[in-house]
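Q: Data file model.pdb (PDB, C-alpha atoms, pLDDT in the B column) is appended below.
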```
ATOM      1  CA  MET A   1     -31.059  69.036  28.814  1.00 51.00           C
ATOM      2  CA  ALA A   2     -30.662  72.543  27.402  1.00 63.00           C
ATOM      3  CA  TRP A   3     -27.430  74.443  27.970  1.00 62.00           C
ATOM      4  CA  THR A   4     -27.634  77.614  30.022  1.00 69.00           C
ATOM      5  CA  SER A   5     -25.042  80.255  30.791  1.00 68.00           C
ATOM      6  CA  HIS A   6     -24.810  82.546  33.771  1.00 68.00           C
ATOM      7  CA  GLY A   7     -22.370  85.224  34.757  1.00 77.00           C
ATOM      8  CA  SER A   8     -21.233  88.732  34.179  1.00 78.00           C
ATOM      9  CA  LEU A   9     -18.168  90.056  32.416  1.00 75.00           C
ATOM     10  CA  MET A  10     -17.076  93.598  31.683  1.00 79.00           C
ATOM     11  CA  LEU A  11     -14.414  94.172  29.048  1.00 78.00           C
ATOM     12  CA  GLY A  12     -12.581  97.407  28.530  1.00 79.00           C
ATOM     13  CA  HIS A  13     -10.396  97.607  25.495  1.00 79.00           C
ATOM     14  CA  SER A  14      -6.791  98.228  24.685  1.00 83.00           C
ATOM     15  CA  ARG A  15      -4.921  98.915  21.473  1.00 86.00           C
ATOM     16  CA  ASP A  16      -4.688  95.197  20.797  1.00 88.00           C
ATOM     17  CA  ALA A  17      -8.434  94.592  21.231  1.00 91.00           C
ATOM     18  CA  ARG A  18     -10.184  92.881  18.369  1.00 93.00           C
ATOM     19  CA  ALA A  19     -13.442  91.267  17.391  1.00 93.00           C
ATOM     20  CA  GLU A  20     -13.772  88.745  14.607  1.00 94.00           C
ATOM     21  CA  CYS A  21     -16.225  86.284  13.160  1.00 94.00           C
ATOM     22  CA  LEU A  22     -14.719  82.859  12.508  1.00 91.00           C
ATOM     23  CA  THR A  23     -16.604  80.645  10.091  1.00 90.00           C
ATOM     24  CA  GLY A  24     -16.349  77.099   8.871  1.00 85.00           C
ATOM     25  CA  ALA A  25     -18.367  74.889   6.544  1.00 84.00           C
ATOM     26  CA  SER A  26     -20.922  74.209   9.292  1.00 82.00           C
ATOM     27  CA  SER A  27     -19.820  76.406  12.192  1.00 83.00           C
ATOM     28  CA  VAL A  28     -19.545  80.029  13.263  1.00 87.00           C
ATOM     29  CA  GLN A  29     -17.989  81.788  16.242  1.00 89.00           C
ATOM     30  CA  LEU A  30     -17.789  85.421  17.347  1.00 92.00           C
ATOM     31  CA  ARG A  31     -14.495  86.047  19.143  1.00 92.00           C
ATOM     32  CA  ILE A  32     -13.699  89.146  21.212  1.00 92.00           C
ATOM     33  CA  GLU A  33     -10.197  89.550  22.652  1.00 91.00           C
ATOM     34  CA  THR A  34      -8.682  92.295  24.772  1.00 89.00           C
ATOM     35  CA  ASP A  35      -5.841  92.464  27.277  1.00 85.00           C
ATOM     36  CA  GLY A  36      -5.164  88.731  27.050  1.00 82.00           C
ATOM     37  CA  LEU A  37      -8.797  87.785  27.723  1.00 88.00           C
ATOM     38  CA  GLY A  38     -10.950  86.141  25.096  1.00 88.00           C
ATOM     39  CA  VAL A  39     -14.688  85.575  24.912  1.00 89.00           C
ATOM     40  CA  SER A  40     -16.299  83.386  22.267  1.00 88.00           C
ATOM     41  CA  LEU A  41     -19.952  83.190  21.308  1.00 88.00           C
ATOM     42  CA  TYR A  42     -21.192  80.265  19.276  1.00 85.00           C
ATOM     43  CA  PRO A  43     -24.510  78.527  18.639  1.00 83.00           C
ATOM     44  CA  SER A  44     -25.352  75.952  21.282  1.00 70.00           C
ATOM     45  CA  GLY A  45     -28.327  73.698  21.708  1.00 54.00           C
ATOM     46  CA  ASP A  46     -29.376  70.274  22.875  1.00 51.00           C
ATOM     47  CA  SER A  47     -27.590  68.612  19.961  1.00 50.00           C
ATOM     48  CA  GLY A  48     -24.301  70.487  20.143  1.00 55.00           C
ATOM     49  CA  ARG A  49     -24.038  73.494  17.880  1.00 66.00           C
ATOM     50  CA  GLU A  50     -27.544  73.482  16.490  1.00 78.00           C
ATOM     51  CA  VAL A  51     -28.653  76.752  14.889  1.00 85.00           C
ATOM     52  CA  THR A  52     -32.220  77.365  16.046  1.00 86.00           C
ATOM     53  CA  ASP A  53     -34.716  80.195  15.557  1.00 91.00           C
ATOM     54  CA  GLU A  54     -33.615  81.453  18.976  1.00 89.00           C
ATOM     55  CA  THR A  55     -29.994  81.473  17.788  1.00 88.00           C
ATOM     56  CA  VAL A  56     -30.944  83.664  14.827  1.00 92.00           C
ATOM     57  CA  THR A  57     -32.992  85.985  17.066  1.00 94.00           C
ATOM     58  CA  PHE A  58     -30.066  86.357  19.471  1.00 92.00           C
ATOM     59  CA  ALA A  59     -27.644  87.065  16.604  1.00 94.00           C
ATOM     60  CA  ARG A  60     -29.967  89.826  15.355  1.00 97.00           C
ATOM     61  CA  GLN A  61     -30.192  91.322  18.860  1.00 97.00           C
ATOM     62  CA  LEU A  62     -26.408  91.190  19.127  1.00 95.00           C
ATOM     63  CA  ALA A  63     -25.998  92.961  15.768  1.00 96.00           C
ATOM     64  CA  GLU A  64     -28.513  95.658  16.762  1.00 97.00           C
ATOM     65  CA  ALA A  65     -26.767  96.215  20.105  1.00 96.00           C
ATOM     66  CA  ALA A  66     -23.351  96.408  18.389  1.00 95.00           C
ATOM     67  CA  SER A  67     -24.723  98.945  15.904  1.00 97.00           C
ATOM     68  CA  ALA A  68     -26.153 101.063  18.734  1.00 97.00           C
ATOM     69  CA  TYR A  69     -22.814 100.796  20.597  1.00 94.00           C
ATOM     70  CA  LEU A  70     -20.932 101.977  17.498  1.00 96.00           C
ATOM     71  CA  ALA A  71     -23.265 104.946  17.011  1.00 97.00           C
ATOM     72  CA  GLU A  72     -22.881 106.004  20.638  1.00 97.00           C
ATOM     73  CA  VAL A  73     -19.081 105.602  20.635  1.00 95.00           C
ATOM     74  CA  GLU A  74     -18.875 107.698  17.452  1.00 96.00           C
ATOM     75  CA  ARG A  75     -21.115 110.370  18.995  1.00 96.00           C
ATOM     76  CA  LEU A  76     -19.042 110.518  22.179  1.00 95.00           C
ATOM     77  CA  HIS A  77     -15.787 110.615  20.205  1.00 93.00           C
ATOM     78  CA  THR A  78     -17.029 113.514  18.083  1.00 94.00           C
ATOM     79  CA  GLU A  79     -18.298 115.368  21.160  1.00 93.00           C
ATOM     80  CA  GLN A  80     -14.996 114.927  22.991  1.00 92.00           C
ATOM     81  CA  ALA A  81     -13.027 116.024  19.926  1.00 91.00           C
ATOM     82  CA  LYS A  82     -15.107 119.206  19.670  1.00 90.00           C
ATOM     83  CA  GLN A  83     -14.561 119.947  23.369  1.00 90.00           C
ATOM     84  CA  SER A  84     -10.803 119.508  23.040  1.00 87.00           C
ATOM     85  CA  GLY A  85     -10.584 121.447  19.785  1.00 83.00           C
ATOM     86  CA  ARG A  86      -9.237 118.567  17.716  1.00 76.00           C
ATOM     87  CA  ALA A  87     -10.680 116.784  14.710  1.00 69.00           C
ATOM     88  CA  ALA A  88     -12.400 113.414  15.217  1.00 65.00           C
ATOM     89  CA  ALA A  89     -10.793 110.481  13.384  1.00 65.00           C
TER      90      ALA A  89
END
```
Would you mind giving the structure from this file in structure tokens?
A:
Amino acid sequence: MAWTSHGSLMLGHSRDARAECLTGASSVQLRIETDGLGVSLYPSGDSGREVTDETVTFARQLAEAASAYLAEVERLHTEQAKQSGRAAA
């Protein structure tokens, strides 16, 4: 039986928000924490934590989405800084 996940979660962020990649000799986990809530992503398959072609494809999609998110956040930050007359960090 294949594992499936369902649900929806929206995370804002606070000053203590963080994202990190935790690695081991044969494991990996992406951890996102904010406001006392943590979400972990890790490979999962029929045999536990099997890394499949689909796992690699999903990781690439995740990286592309994170890169697009960063670019948009930077754009918005710069735009807001210009509107307020302050320099962007």
Q: Taking all atoms listed in the file into account, which of A:Ser44, A:Gln83, A:Ser14, A:Ser26 comes nearest Val56 in chain A?
A: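 Between A:Ser44, A:Gln83, A:Ser14, A:Ser26, the residue approaching Val56 in chain A most closely is A:Ser44.
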Q: Work out how far apart CA of Ala66 in chain A and CA of Gln80 in chain A are and give it in Å to one decimal.
A: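 Separating CA of Ala66 in chain A from CA of Gln80 in chain A is a distance of 20.8 Å.
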Q: For the structure shown, which residues end up in the PyMOL selection byres ((chain A and resi 36) around 12)? Put them as a list in words, please?
A: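 For this structure, the PyMOL selection byres ((chain A and resi 36) around 12) resolves to Leu11, Gly12, His13, Ser14, Arg15, Asp16, Ala17, Arg18, Ile32, Glu33, Thr34, Asp35, Leu37, Gly38 and Val39 of chain A.
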Q: Write the residues you've just listed into a file as a short mmCIF file (atom, residue, chain, number, x, y, z; two decimals), keeping the file's coordinate frame, and include C-alpha atoms for each of them.
A:
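out.cif written:
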```
data_model
loop_
_atom_site.label_atom_id
_atom_site.label_comp_id
_atom_site.auth_asym_id
_atom_site.auth_seq_id
_atom_site.Cartn_x
_atom_site.Cartn_y
_atom_site.Cartn_z
CA LEU A 11 -14.41 94.17 29.05
CA GLY A 12 -12.58 97.41 28.53
CA HIS A 13 -10.40 97.61 25.50
CA SER A 14 -6.79 98.23 24.68
CA ARG A 15 -4.92 98.92 21.47
CA ASP A 16 -4.69 95.20 20.80
CA ALA A 17 -8.43 94.59 21.23
CA ARG A 18 -10.18 92.88 18.37
CA ILE A 32 -13.70 89.15 21.21
CA GLU A 33 -10.20 89.55 22.65
CA THR A 34 -8.68 92.30 24.77
CA ASP A 35 -5.84 92.46 27.28
CA LEU A 37 -8.80 87.78 27.72
CA GLY A 38 -10.95 86.14 25.10
CA VAL A 39 -14.69 85.58 24.91
#
```
Q: One decimal, in Å: what's the spacing between CA of Pro43 in chain A and CA of Ala25 in chain A?
A: 14.0 Å
Q: Check the smallest atom-to-atom distance from each of A:Ala65, A:Thr78, A:Tyr42, A:Gly7 to Gly24 in chain A using all atoms listed in the file, then report the winner.
A: A:Tyr42
Q: Please, which residues are within 9 Å of (-15.9, 98.9, 17.1) by the file's coordinates, counting only C-alpha atoms, and could they come as a list of chain:residue names?
A: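 Residues found, by chain and rising number: A:Arg18, A:Ala19, A:Ala66, A:Ser67, A:Tyr69, A:Leu70, A:Val73.
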Q: Could you check which of A:Ser8, A:Arg75, A:Asp53, A:Ala59 is closest to Val28 in chain A, using all atoms listed in the file?
A: A:Ala59
Q: The centre and edge lengths of an axis-aligned box containing all atoms of range 26-45 of chain A present in the file, extended by 4 Å on each side, are to be given in Å to one decimal, as AutoDock Vina command-line options.
A:
```
--center_x -16.7 --center_y 83.1 --center_z 18.5 --size_x 31.2 --size_y 26.8 --size_z 26.4
```
Q: For a test of reading the model, state the distance in Å between CA of Arg31 in chain A and CA of Met10 in chain A, rounded to one decimal.
A: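 Straight-line distance from CA of Arg31 in chain A to CA of Met10 in chain A works out to 14.9 Å.
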Q: Apply the PyMOL selection byres ((chain A and resi 30) around 6) to the file shown and report the selected residues as a list of chain:residue names.
A: A:Glu20, A:Cys21, A:Gln29, A:Arg31, A:Ser40, A:Leu41
Q: Can you write out the residues you just picked, keeping C-alpha atoms, as a PDB file, in the coordinates of the input?
A:
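out-v2.pdb, freshly written:
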```pdb
ATOM      1  CA  GLU A  20     -13.772  88.745  14.607  1.00 94.00           C
ATOM      2  CA  CYS A  21     -16.225  86.284  13.160  1.00 94.00           C
ATOM      3  CA  GLN A  29     -17.989  81.788  16.242  1.00 89.00           C
ATOM      4  CA  ARG A  31     -14.495  86.047  19.143  1.00 92.00           C
ATOM      5  CA  SER A  40     -16.299  83.386  22.267  1.00 88.00           C
ATOM      6  CA  LEU A  41     -19.952  83.190  21.308  1.00 88.00           C
TER       7      LEU A  41
END
```
